[in-house]
Structures are given as structure tokens and as C-alpha cells.
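> Hey, dropping start25.tsv in here, TSV, C-alpha atoms and all ligand atoms:
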```
chain	number	residue	atom	x	y	z
A	1	MET	CA	13.14	3.88	7.63
A	2	LYS	CA	13.41	7.57	6.70
A	3	LEU	CA	10.49	9.94	6.26
A	4	LYS	CA	10.48	13.65	5.50
A	5	VAL	CA	7.30	15.24	6.83
A	6	LEU	CA	6.22	18.80	6.13
A	7	VAL	CA	3.88	20.11	8.82
A	8	VAL	CA	1.59	22.89	7.62
A	9	ALA	CA	-0.41	23.72	10.70
A	10	GLY	CA	-2.53	26.50	9.19
A	11	ASP	CA	-5.15	28.40	11.15
A	12	GLY	CA	-7.37	28.23	14.21
A	13	ILE	CA	-6.95	24.94	16.04
A	14	GLY	CA	-4.63	23.64	13.28
A	15	PRO	CA	-1.38	24.37	15.19
A	16	GLU	CA	-2.68	22.81	18.44
A	17	VAL	CA	-3.81	19.55	16.88
A	18	THR	CA	-0.84	19.11	14.55
A	19	ALA	CA	1.50	19.65	17.53
A	20	GLU	CA	-0.07	16.62	19.22
A	21	ALA	CA	0.01	14.56	16.00
A	22	SER	CA	3.71	15.46	15.55
A	23	ARG	CA	4.45	14.48	19.13
A	24	ILE	CA	3.00	11.04	18.42
A	25	LEU	CA	5.01	10.67	15.20
A	26	ARG	CA	8.23	11.66	16.96
A	27	SER	CA	7.59	9.10	19.62
A	28	VAL	CA	6.95	6.35	17.05
A	29	ALA	CA	10.23	7.30	15.35
A	30	GLU	CA	12.14	7.16	18.61
A	31	LEU	CA	10.72	3.82	19.70
A	32	GLY	CA	11.05	2.22	16.29
A	33	GLY	CA	14.48	3.63	15.49
A	34	TYR	CA	13.15	5.44	12.41
A	35	GLU	CA	14.47	8.72	11.07
A	36	PHE	CA	11.64	11.17	10.67
A	37	GLU	CA	12.55	14.68	9.68
A	38	PHE	CA	10.03	17.44	10.37
A	39	ARG	CA	9.83	20.82	8.68
A	40	GLU	CA	7.20	23.50	9.05
A	41	ALA	CA	5.61	25.85	6.55
A	42	LEU	CA	2.77	28.34	6.30
A	43	ILE	CA	-0.61	27.94	4.64
A	44	GLY	CA	-4.03	29.58	4.70
A	45	GLY	CA	-4.79	32.67	6.77
A	46	ALA	CA	-1.44	32.46	8.58
A	47	ALA	CA	0.32	32.63	5.20
A	48	ILE	CA	-1.92	35.47	3.97
A	49	LYS	CA	-0.98	37.50	7.04
A	50	ALA	CA	2.75	36.77	6.83
A	51	GLN	CA	3.24	36.79	3.07
A	52	GLY	CA	0.07	37.98	1.39
A	53	THR	CA	-0.77	34.66	-0.24
A	54	PRO	CA	-2.55	31.53	1.05
A	55	LEU	CA	0.06	29.20	-0.48
A	56	PRO	CA	3.59	30.65	-0.54
A	57	GLN	CA	6.04	29.19	-3.05
A	58	ALA	CA	8.30	28.00	-0.19
A	59	THR	CA	5.43	25.90	1.19
A	60	LEU	CA	4.73	24.38	-2.18
A	61	ASP	CA	8.43	23.63	-2.81
A	62	GLY	CA	8.80	22.17	0.69
A	63	ALA	CA	5.73	20.01	0.17
A	64	LEU	CA	6.95	18.64	-3.15
A	65	GLU	CA	10.31	17.74	-1.58
A	66	SER	CA	8.67	15.82	1.28
A	67	ASP	CA	7.47	12.25	1.60
A	68	ALA	CA	4.27	13.35	3.32
A	69	VAL	CA	2.47	16.57	4.21
A	70	LEU	CA	0.58	16.85	7.50
A	71	LEU	CA	-1.92	19.69	7.44
A	72	GLY	CA	-3.98	21.14	10.30
A	73	ALA	CA	-6.81	23.33	9.08
A	74	VAL	CA	-7.35	26.58	7.20
A	75	GLY	CA	-9.84	29.42	7.44
A	76	GLY	CA	-10.86	32.26	9.71
A	77	ASN	CA	-13.75	34.67	10.10
A	78	GLU	CA	-11.67	37.70	9.14
A	79	PHE	CA	-11.32	36.33	5.58
A	80	ASN	CA	-15.01	35.60	5.04
A	81	SER	CA	-15.65	38.55	2.75
A	82	LEU	CA	-12.78	37.72	0.36
A	83	PRO	CA	-13.46	36.13	-3.06
A	84	PRO	CA	-12.82	32.36	-3.22
A	85	ASP	CA	-9.40	32.68	-4.89
A	86	LYS	CA	-8.04	34.99	-2.16
A	87	ARG	CA	-9.29	33.06	0.84
A	88	PRO	CA	-7.29	30.69	3.09
A	89	GLU	CA	-9.24	27.78	1.55
A	90	ALA	CA	-7.69	28.61	-1.84
A	91	GLY	CA	-4.31	27.65	-0.37
A	92	LEU	CA	-5.66	24.26	0.61
A	93	LEU	CA	-7.19	23.63	-2.81
A	94	GLN	CA	-3.94	24.71	-4.51
A	95	ILE	CA	-1.78	22.40	-2.41
A	96	ARG	CA	-4.19	19.51	-3.01
A	97	GLN	CA	-3.95	20.12	-6.74
A	98	ALA	CA	-0.16	20.54	-6.74
A	99	LEU	CA	0.44	17.34	-4.77
A	100	GLY	CA	-1.87	15.50	-7.13
A	101	GLY	CA	-3.63	13.13	-4.72
A	102	PHE	CA	-7.09	12.45	-6.10
A	103	ALA	CA	-8.37	9.84	-3.63
A	104	ASN	CA	-9.25	11.26	-0.24
A	105	LEU	CA	-9.80	8.46	2.28
A	106	ARG	CA	-12.06	9.42	5.17
A	107	PRO	CA	-12.73	6.57	7.57
A	108	ALA	CA	-15.67	6.92	9.96
A	109	PHE	CA	-15.50	4.43	12.78
A	110	ALA	CA	-17.97	4.23	15.66
A	111	HIS	CA	-15.86	3.74	18.79
A	112	PRO	CA	-17.95	1.70	21.27
A	113	ALA	CA	-16.67	3.97	24.07
A	114	LEU	CA	-18.28	6.95	22.33
A	115	ALA	CA	-21.61	5.25	21.56
A	116	ALA	CA	-23.48	7.57	23.93
A	117	ASN	CA	-22.03	10.61	22.15
A	118	SER	CA	-23.97	10.05	18.99
A	119	PRO	CA	-27.58	11.23	18.84
A	120	LEU	CA	-28.24	7.96	17.00
A	121	LYS	CA	-29.27	4.93	19.04
A	122	PRO	CA	-26.33	2.76	20.16
A	123	GLU	CA	-27.79	-0.27	18.37
A	124	VAL	CA	-27.86	1.72	15.11
A	125	ILE	CA	-24.21	2.74	15.16
A	126	ASP	CA	-22.76	-0.28	16.96
A	127	GLY	CA	-20.07	-1.72	14.68
A	128	ALA	CA	-20.34	1.00	12.03
A	129	ASP	CA	-17.08	1.19	10.10
A	130	ILE	CA	-17.21	3.12	6.84
A	131	LEU	CA	-14.44	4.25	4.53
A	132	PHE	CA	-15.40	7.21	2.37
A	133	VAL	CA	-13.36	7.60	-0.79
A	134	ARG	CA	-13.91	11.19	-1.84
A	135	GLU	CA	-12.65	12.28	-5.27
A	136	LEU	CA	-10.60	15.35	-4.42
A	137	LEU	CA	-9.43	17.07	-7.59
A	138	GLY	CA	-12.52	17.36	-9.77
A	139	GLY	CA	-16.15	18.37	-9.76
A	140	LEU	CA	-17.44	21.77	-8.69
A	141	TYR	CA	-14.33	22.58	-6.69
A	142	PHE	CA	-12.11	22.82	-9.75
A	143	GLY	CA	-14.44	22.87	-12.79
A	144	GLU	CA	-14.25	25.81	-15.20
A	145	PRO	CA	-15.90	28.14	-15.98
A	146	ARG	CA	-16.62	29.61	-12.57
A	147	GLN	CA	-17.58	33.17	-11.80
A	148	TRP	CA	-19.79	35.54	-9.88
A	149	ASP	CA	-20.91	38.21	-12.34
A	150	ARG	CA	-22.09	40.88	-9.94
A	151	GLU	CA	-23.47	43.19	-12.59
A	152	ALA	CA	-25.56	40.50	-14.14
A	153	GLY	CA	-26.56	39.21	-10.71
A	154	SER	CA	-25.58	35.73	-11.77
A	155	ALA	CA	-22.96	33.18	-10.70
A	156	TRP	CA	-21.89	29.78	-11.96
A	157	ASN	CA	-19.66	26.82	-11.19
A	158	THR	CA	-19.08	23.75	-13.29
A	159	MET	CA	-19.35	20.15	-12.19
A	160	ARG	CA	-17.13	18.33	-14.61
A	161	TYR	CA	-15.47	14.89	-14.64
A	162	THR	CA	-13.63	12.95	-17.30
A	163	ARG	CA	-13.97	9.22	-17.61
A	164	ASP	CA	-10.30	8.80	-16.67
A	165	GLU	CA	-10.75	10.81	-13.46
A	166	VAL	CA	-13.60	8.52	-12.45
A	167	ILE	CA	-11.69	5.36	-13.38
A	168	ARG	CA	-8.61	6.20	-11.30
A	169	VAL	CA	-10.51	7.01	-8.10
A	170	ALA	CA	-12.88	4.07	-8.59
A	171	ARG	CA	-9.90	1.71	-8.81
A	172	VAL	CA	-8.56	2.98	-5.49
A	173	ALA	CA	-11.98	2.43	-3.91
A	174	PHE	CA	-12.41	-1.10	-5.32
A	175	GLU	CA	-8.91	-2.09	-4.20
A	176	LEU	CA	-9.60	-0.84	-0.68
A	177	ALA	CA	-12.95	-2.66	-0.66
A	178	GLN	CA	-11.13	-5.89	-1.58
A	179	LYS	CA	-9.08	-5.55	1.60
A	180	ARG	CA	-12.18	-4.84	3.71
A	181	ARG	CA	-15.69	-6.28	3.58
A	182	LYS	CA	-15.87	-6.25	-0.23
A	183	LYS	CA	-18.81	-3.88	-0.53
A	184	LEU	CA	-18.73	-0.66	-2.48
A	185	THR	CA	-21.49	1.94	-2.61
A	186	SER	CA	-21.10	4.59	-5.29
A	187	VAL	CA	-22.98	7.81	-4.62
A	188	ASP	CA	-24.20	10.16	-7.36
A	189	LYS	CA	-27.18	12.14	-8.59
A	190	ALA	CA	-27.64	10.26	-11.85
A	191	ASN	CA	-31.39	10.95	-11.92
A	192	VAL	CA	-30.63	14.62	-12.64
A	193	LEU	CA	-26.99	15.23	-13.62
A	194	GLU	CA	-25.17	14.12	-16.78
A	195	VAL	CA	-21.88	14.17	-14.89
A	196	SER	CA	-23.38	11.63	-12.48
A	197	GLN	CA	-24.54	9.47	-15.38
A	198	LEU	CA	-20.95	9.37	-16.62
A	199	TRP	CA	-19.84	8.60	-13.05
A	200	ARG	CA	-22.29	5.71	-12.67
A	201	ALA	CA	-21.59	4.20	-16.09
A	202	THR	CA	-17.83	4.39	-15.50
A	203	VAL	CA	-17.92	2.90	-12.00
A	204	THR	CA	-20.12	0.06	-13.32
A	205	GLU	CA	-17.54	-0.62	-16.03
A	206	VAL	CA	-14.60	-0.59	-13.59
A	207	ALA	CA	-16.50	-3.01	-11.34
A	208	LYS	CA	-16.02	-5.76	-13.95
A	209	ASP	CA	-12.36	-5.93	-12.93
A	210	TYR	CA	-13.34	-6.55	-9.30
A	211	PRO	CA	-15.84	-9.40	-9.40
A	212	ASP	CA	-15.30	-10.17	-5.70
A	213	VAL	CA	-16.62	-6.72	-4.71
A	214	THR	CA	-20.39	-6.11	-4.56
A	215	LEU	CA	-21.25	-2.74	-6.07
A	216	ASP	CA	-24.39	-0.75	-5.52
A	217	HIS	CA	-25.38	2.80	-6.44
A	218	GLN	CA	-27.22	5.36	-4.35
A	219	TYR	CA	-28.49	8.84	-5.06
A	220	VAL	CA	-26.83	11.33	-2.75
A	221	ASP	CA	-30.09	12.58	-1.20
A	222	ALA	CA	-31.21	9.07	-0.31
A	223	MET	CA	-27.70	8.21	0.84
A	224	SER	CA	-27.65	11.05	3.35
A	225	MET	CA	-30.71	9.46	4.96
A	226	HIS	CA	-29.55	5.82	4.72
A	227	LEU	CA	-26.28	6.78	6.39
A	228	MET	CA	-28.16	7.82	9.50
A	229	ASN	CA	-30.68	4.96	9.39
A	230	THR	CA	-28.37	2.04	8.66
A	231	PRO	CA	-24.73	3.14	8.92
A	232	ARG	CA	-23.65	-0.45	9.51
A	233	SER	CA	-24.69	-1.53	6.05
A	234	TYR	CA	-21.87	0.44	4.40
A	235	ASP	CA	-18.27	-0.53	3.84
A	236	VAL	CA	-16.53	1.61	1.20
A	237	VAL	CA	-18.47	4.64	-0.08
A	238	LEU	CA	-17.17	6.20	-3.29
A	239	THR	CA	-18.26	9.65	-4.33
A	240	GLU	CA	-17.38	12.87	-6.13
A	241	ASN	CA	-15.80	15.85	-4.44
A	242	LEU	CA	-18.71	17.93	-3.09
A	243	PHE	CA	-20.94	14.97	-2.20
A	244	GLY	CA	-17.96	13.48	-0.33
A	245	ASP	CA	-17.38	16.73	1.52
A	246	ILE	CA	-20.97	16.77	2.72
A	247	LEU	CA	-21.37	13.08	3.52
A	248	SER	CA	-18.09	12.91	5.44
A	249	ASP	CA	-19.19	15.71	7.78
A	250	GLU	CA	-22.51	13.91	8.19
A	251	SER	CA	-20.61	10.80	9.22
A	252	ALA	CA	-19.35	12.71	12.27
A	253	VAL	CA	-22.79	12.02	13.72
A	254	ILE	CA	-21.89	8.33	13.69
A	255	THR	CA	-18.51	8.82	15.35
A	256	GLY	CA	-19.81	11.23	17.98
A	257	SER	CA	-17.73	14.23	16.95
A	258	LEU	CA	-16.17	15.81	13.88
A	259	GLY	CA	-13.01	16.01	15.97
A	260	MET	CA	-12.56	12.24	15.63
A	261	LEU	CA	-12.26	12.06	11.84
A	262	PRO	CA	-8.91	11.62	10.05
A	263	SER	CA	-8.13	11.68	6.33
A	264	ALA	CA	-5.42	10.72	3.88
A	265	THR	CA	-5.16	11.80	0.27
A	266	ILE	CA	-3.31	9.35	-1.94
A	267	GLY	CA	-2.56	8.74	-5.58
A	268	GLY	CA	-0.45	11.81	-6.35
A	269	GLN	CA	3.20	12.77	-6.13
A	270	VAL	CA	3.10	13.38	-2.36
A	271	ASN	CA	0.37	12.16	-0.01
A	272	LEU	CA	-1.48	14.76	2.01
A	273	TYR	CA	-2.84	14.10	5.50
A	274	GLU	CA	-5.44	16.31	7.16
A	275	PRO	CA	-8.10	15.83	9.80
A	276	VAL	CA	-11.61	16.34	8.41
A	277	HIS	CA	-12.52	19.08	10.89
A	278	GLY	CA	-11.97	22.76	10.13
A	279	SER	CA	-10.09	25.53	11.90
A	280	ALA	CA	-12.81	26.12	14.55
A	281	PRO	CA	-11.72	29.72	15.25
A	282	ASP	CA	-14.20	30.01	18.14
A	283	ILE	CA	-12.22	27.54	20.28
A	284	ALA	CA	-8.71	28.19	18.91
A	285	GLY	CA	-5.85	28.68	21.36
A	286	LYS	CA	-7.88	27.58	24.37
A	287	GLY	CA	-6.74	23.97	24.62
A	288	LEU	CA	-10.31	22.86	23.87
A	289	ALA	CA	-9.67	21.22	20.51
A	290	ASN	CA	-9.85	17.45	20.09
A	291	PRO	CA	-6.46	16.26	18.76
A	292	LEU	CA	-7.66	12.70	18.09
A	293	GLY	CA	-8.65	13.40	14.47
A	294	ALA	CA	-5.14	14.73	13.83
A	295	ILE	CA	-3.53	11.85	15.77
A	296	LEU	CA	-5.52	9.29	13.78
A	297	THR	CA	-4.42	11.20	10.67
A	298	ALA	CA	-0.80	10.62	11.78
A	299	ALA	CA	-1.62	6.90	11.92
A	300	MET	CA	-2.83	7.08	8.31
A	301	LEU	CA	0.43	8.82	7.40
A	302	LEU	CA	2.44	5.93	8.82
A	303	ARG	CA	0.22	3.41	7.03
A	304	HIS	CA	0.14	5.04	3.61
A	305	SER	CA	3.47	6.89	3.40
A	306	GLY	CA	5.68	4.85	5.74
A	307	ASN	CA	4.26	1.37	5.15
A	308	LEU	CA	4.36	1.10	8.98
A	309	GLU	CA	1.10	-0.77	9.48
A	310	GLN	CA	2.00	-2.04	12.95
A	311	ASP	CA	2.74	1.44	14.24
A	312	ALA	CA	-0.36	2.87	12.61
A	313	ALA	CA	-2.46	0.19	14.29
A	314	ALA	CA	-0.70	0.86	17.60
A	315	ILE	CA	-1.78	4.52	17.46
A	316	GLU	CA	-5.35	3.48	16.71
A	317	THR	CA	-5.28	1.07	19.64
A	318	ALA	CA	-3.89	3.78	21.92
A	319	VAL	CA	-6.74	6.11	20.96
A	320	ARG	CA	-9.29	3.36	21.59
A	321	LYS	CA	-7.79	2.60	25.02
A	322	VAL	CA	-7.70	6.22	26.09
A	323	LEU	CA	-11.38	6.54	25.17
A	324	GLU	CA	-12.20	3.29	26.96
A	325	GLN	CA	-10.49	4.62	30.07
A	326	GLY	CA	-13.00	7.45	29.92
A	327	TYR	CA	-10.76	10.34	28.89
A	328	ARG	CA	-12.55	12.99	26.86
A	329	THR	CA	-11.94	16.34	25.22
A	330	ALA	CA	-14.61	19.02	25.60
A	331	ASP	CA	-16.40	18.10	22.35
A	332	LEU	CA	-16.72	14.50	23.56
A	333	ALA	CA	-17.99	15.25	27.05
A	334	ARG	CA	-21.76	14.79	27.16
A	335	SER	CA	-22.57	13.09	30.45
A	336	GLU	CA	-21.71	14.29	33.96
A	337	LYS	CA	-19.28	11.39	34.19
A	338	ASP	CA	-17.59	12.51	30.94
A	339	LYS	CA	-17.30	16.06	32.17
A	340	LYS	CA	-15.16	14.90	35.09
A	341	MET	CA	-12.72	13.33	32.63
A	342	VAL	CA	-12.17	16.28	30.34
A	343	LEU	CA	-8.60	16.85	29.20
A	344	SER	CA	-7.10	19.76	27.31
A	345	THR	CA	-5.77	19.28	23.79
A	346	GLN	CA	-2.25	18.79	25.15
A	347	GLU	CA	-3.26	16.51	27.98
A	348	MET	CA	-5.16	14.29	25.56
A	349	GLY	CA	-2.12	14.19	23.29
A	350	LYS	CA	0.06	13.17	26.23
A	351	GLN	CA	-2.40	10.51	27.33
A	352	VAL	CA	-2.34	8.92	23.88
A	353	HIS	CA	1.43	9.29	23.79
A	354	GLU	CA	1.89	7.41	27.10
A	355	THR	CA	-0.53	4.68	26.13
A	356	LEU	CA	1.19	4.29	22.78
A	357	ASN	CA	4.58	3.99	24.43
A	358	GLU	CA	3.26	1.18	26.62
A	359	ILE	CA	1.83	-0.64	23.60
A	360	ILE	CA	5.05	-0.37	21.63
A	361	ASP	CA	7.21	-1.29	24.64
A	362	ARG	CA	5.13	-4.40	25.18
A	363	ARG	CA	5.37	-5.31	21.51
A	364	GLN	CA	9.14	-4.90	21.56
A	365	ALA	CA	9.45	-6.94	24.75
A	366	MET	CA	7.51	-9.77	23.12
A	367	HIS	CA	9.78	-9.72	20.10
A	368	ALA	CA	12.85	-9.76	22.31
A	369	VAL	CA	11.79	-13.03	23.98
B	401	LIG	C1	-12.73	19.60	3.97
B	401	LIG	C2	-12.97	21.09	4.05
B	401	LIG	C3	-12.42	21.75	2.80
B	401	LIG	C4	-13.18	21.18	1.60
B	401	LIG	C5	-12.49	23.28	2.80
B	401	LIG	C6	-11.80	23.87	4.01
B	401	LIG	C7	-11.94	23.88	1.53
B	401	LIG	O1	-14.31	21.35	4.25
B	401	LIG	O2	-11.57	19.19	3.83
B	401	LIG	O3	-13.68	18.83	4.07
B	401	LIG	O4	-14.28	21.65	1.28
B	401	LIG	O5	-12.67	20.26	0.98
B	402	MN	MN	-15.53	19.55	4.61
```
Let me see the structure of the file written as C-alpha cells.


Amino acid sequence: MKLKVLVVAGDGIGPEVTAEASRILRSVAELGGYEFEFREALIGGAAIKAQGTPLPQATLDGALESDAVLLGAVGGNEFNSLPPDKRPEAGLLQIRQALGGFANLRPAFAHPALAANSPLKPEVIDGADILFVRELLGGLYFGEPRQWDREAGSAWNTMRYTRDEVIRVARVAFELAQKRRKKLTSVDKANVLEVSQLWRATVTEVAKDYPDVTLDHQYVDAMSMHLMNTPRSYDVVLTENLFGDILSDESAVITGSLGMLPSATIGGQVNLYEPVHGSAPDIAGKGLANPLGAILTAAMLLRHSGNLEQDAAAIETAVRKVLEQGYRTADLARSEKDKKMVLSTQEMGKQVHETLNEIIDRRQAMHAV
């Protein structure tokens, strides 16, 4: 098994969390006898500072030559006054578009060990396990025309989807639902927006090919409430780009911290893996960041780009065990008991690494018998 991984750490806490995710991947490679090759490249604010552009050509070329791209985070306060196309975020949007992945998978899983971390009642989140499928290359993020006409004091963006764009992402979501609990909730704003009416009609049509999956539709405003009231009633949630951006951050309330959320973007030339959290400049470089979102992202990389399901699951088990043993990063430490178990970013990475090694060793010993 060979895998070429490009690590684009980016800004803020990006380098700290991708270092821990890479450590885990290296260890999986070593234990499994796989050949993973790692390269590094610049993106976002780091690339603007070094080369004057948020997505240098070398990064793009390196990404297109890789089997998978592991990204940390982009953005920083010093760039806040720049126009959208000059900001670090532009680099992220450009690499997403160039790699072509249109289905962004964002699982939100309520770890029992973190139940007390959510402001929601334990009985509300207990067993919640949602997979958001966020369309990543359309809608307001990419629609033209877009402009801020300062003289006229007017600005506009365009929410646009074609039927084909909806069909392709809907198929990914239905196929994933077939492998899970066979429920799909499609989120839109079809009571107001034409683009949502197209979305709803198209998803309804695609559903005919998946008779074993139960489809329902929700308006995004109602959905944002239902998610908090009854998170357990959702399995796969399919939605357009901006709604998915918003709802996936909201789902951090279910998991206890934004730092826990991984993502994988599939369907294009090269898959792109990034934790859902941002660059968190306020805590960058202090060892306070939670690397578990990035580590769980590495598990998704093994699952979707390496077809290494067993190793992906082993990472997820290692994370669960470490949490069960009471280890926390600062964002996860609520109670006095938690606060005594706080680890730095690196220490948490090492803890998962050791636990993972034990799991894989045990698995290999069993196979050797
Ligand atoms: C995310 C982020 C990005 C997005 C930003 C950084 C451009 O919020 O991945 O959720 O809006 O897609
Ligand atoms: Mn976001």
C-alpha cells in the first residue's frame, strides 16, 4: 500500500494539529508496513506572507500529484481587512475547486465520555451520530456575479446550482445512507428560494433510485432547531454549501467541542481532508489546540483514500479510549476533574499514538495466532 500525502498546515493552530495527525499516519504506516510519503506545502496566510498569494502554484501542483491532501486551517486577524479574493480563505476555496471534491463529509458523533461537555442534556445527545454531506463547490461560495460596489453602496452574491451538481452530491449522500441507518434528511429553504426548489425537486427525483433510504426534507431554519432538540433522529443530512457550513459548526454543540470534528471531501480528482475547526489565532502556538479533529480527519483519509478501514477504525477507537480514560485538551476540560487531566496538543497526540499502537499490536498478535 502506497500513499502520497501532501500536508498543507496553513495558519494558526493548523501546523500544531496537522503535526499530530501526521504522527498518527506515520505510525499506522510503520505498523502496517505501508509506504506513506509526506510532502509539505504552503497555503493561506502563511503562503501570502512567503509568496504573496494564498495558493502558490507549487502547492496546487503538489496537491494534484498527491493521493490525498491533509489541510490544517487558514485565516488570521491581520488579513481581515482584505477583499475576499486576497484573503487566506481564498486559497482554501481555490484548492477545493482545483481538487474537484464536491461532497464534504462532516461526521458529528457524540462521544459518551464527553456527554457532560455539551450544554445539551446527556439524554438528548446520547447516541447521536450524524453525517453531514455538505455540497462544497457551489452555492453562494462560488456563484457569479459577486461584488461589493462601494460607490453604489450595494453588494451581491449569487446562490446558484445546476441540476447535475445536486444529483452528484445527492448520490453520494444516498449511498452513504445505505451503509448507515438508511435515513436521509435534505435541508433547504424551498419556501423562499428558487435554488432550493430545484434542490428539493432534484433530491426527490434521485431518491427513486434508493428505495431503501427514507428521505425527508427540512427547512434550514427549522433544522437548526431540530438539531439541538432531537439530534438522535438524524442519520445523513444533505445540504448546500453555506447551510452545511453553518449546521456543521452548530453540530459541535452535540460533540462538545468544535475541536472534535473531522471532514473529508470526496468525489474529485484528489480527496481533501481538513478538520472543521478554523485557525483559532488566539490560541495558536501555545499547545492548547485540540488535535483530535485533525487525528479523526487522518482516520477519514485512511478510509477514503487508502481503503484502510481497519486502521481508520483503530484510530477512532484510540480516540474513544483516550477520552474514556479521562484525558482532555483545554477546550474539553469543563469539570474540576477534567481540568486535572488536561494535556497539551502534543501530549494528546502522543496519548492517542500510544493507544493506537497497543490496538494495532493486539490486532496483529491475534492474526499471528
Ligand atoms: C469551513 C470553513 C471555511 C468555509 C472557511 C475557512 C472558508 O469555515 O471549512 O467550514 O466556510 O468553508
Ligand atoms: Mn465553517

> Would you work out the distance separating CA of Ile254 (chain A) from CA of Lys350 (chain A), expressed in Å to one decimal?

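Straight-line distance from CA of Ile254 (chain A) to CA of Lys350 (chain A) works out to 25.7 Å.
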
> Please report as a tab-separated table every residue of region 96-181 of chain A lying within 12 Å of region 54-57 of chain A, along with the nearest atom pair and their distance in Å (one decimal), using only C-alpha atoms.


```
residue	atom	partner	partner_atom	distance
A:Arg96	CA	A:Leu55	CA	10.9
A:Gln97	CA	A:Leu55	CA	11.7
A:Ala98	CA	A:Leu55	CA	10.7
```

> Counting all atoms listed in the file, which residues have an atom no more than 9 Å from (10.2, 19.7, 8.7) in the file's coordinates? Please list them as a ChimeraX atom specification.

/A:4-7,36-41,62,66

> Neighbourhood query: residues within 10 Å of (-4.3, 7.7, 22.9), file coordinates, counting only C-alpha atoms; return as a list in words.

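Final list of nearby residues, as requested, is Ile24, Pro291, Leu292, Ile295, Leu296, Ala314, Ile315, Glu316, Thr317, Ala318, Val319, Arg320, Lys321, Val322, Leu323, Glu324, Gln325, Tyr327, Met348, Gly349, Lys350, Gln351, Val352, His353, Glu354, Thr355, Leu356 and Asn357 of chain A.
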
> Set the distance at 6 Å and use only C-alpha atoms: which residues neighbour Gly10 (chain A) once local chain neighbours fewer than 3 positions away are removed? I'd like the list as a CSV table (one decimal) with C-alpha atoms, in the coordinates of the input.


```csv
chain,number,residue,atom,x,y,z
A,14,GLY,CA,-4.6,23.6,13.3
A,43,ILE,CA,-0.6,27.9,4.6
A,44,GLY,CA,-4.0,29.6,4.7
A,72,GLY,CA,-4.0,21.1,10.3
A,73,ALA,CA,-6.8,23.3,9.1
A,74,VAL,CA,-7.4,26.6,7.2
```

> Kindly indicate which residue among A:Asn290, A:Ser224, A:Ser263, A:Gln147 lies nearest to ligand LIG 401 (chain B), using only C-alpha atoms and all ligand atoms for the distances.

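For ligand LIG 401 (chain B), the nearest of the given residues is A:Ser263.
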
> Set the cut-off to 7 Å, count only C-alpha atoms and all ligand atoms, and list whatever residues fall near ligand MN 402 (chain B) as an NGL selection string.

:A and (245-246 or 249 or 276-277)
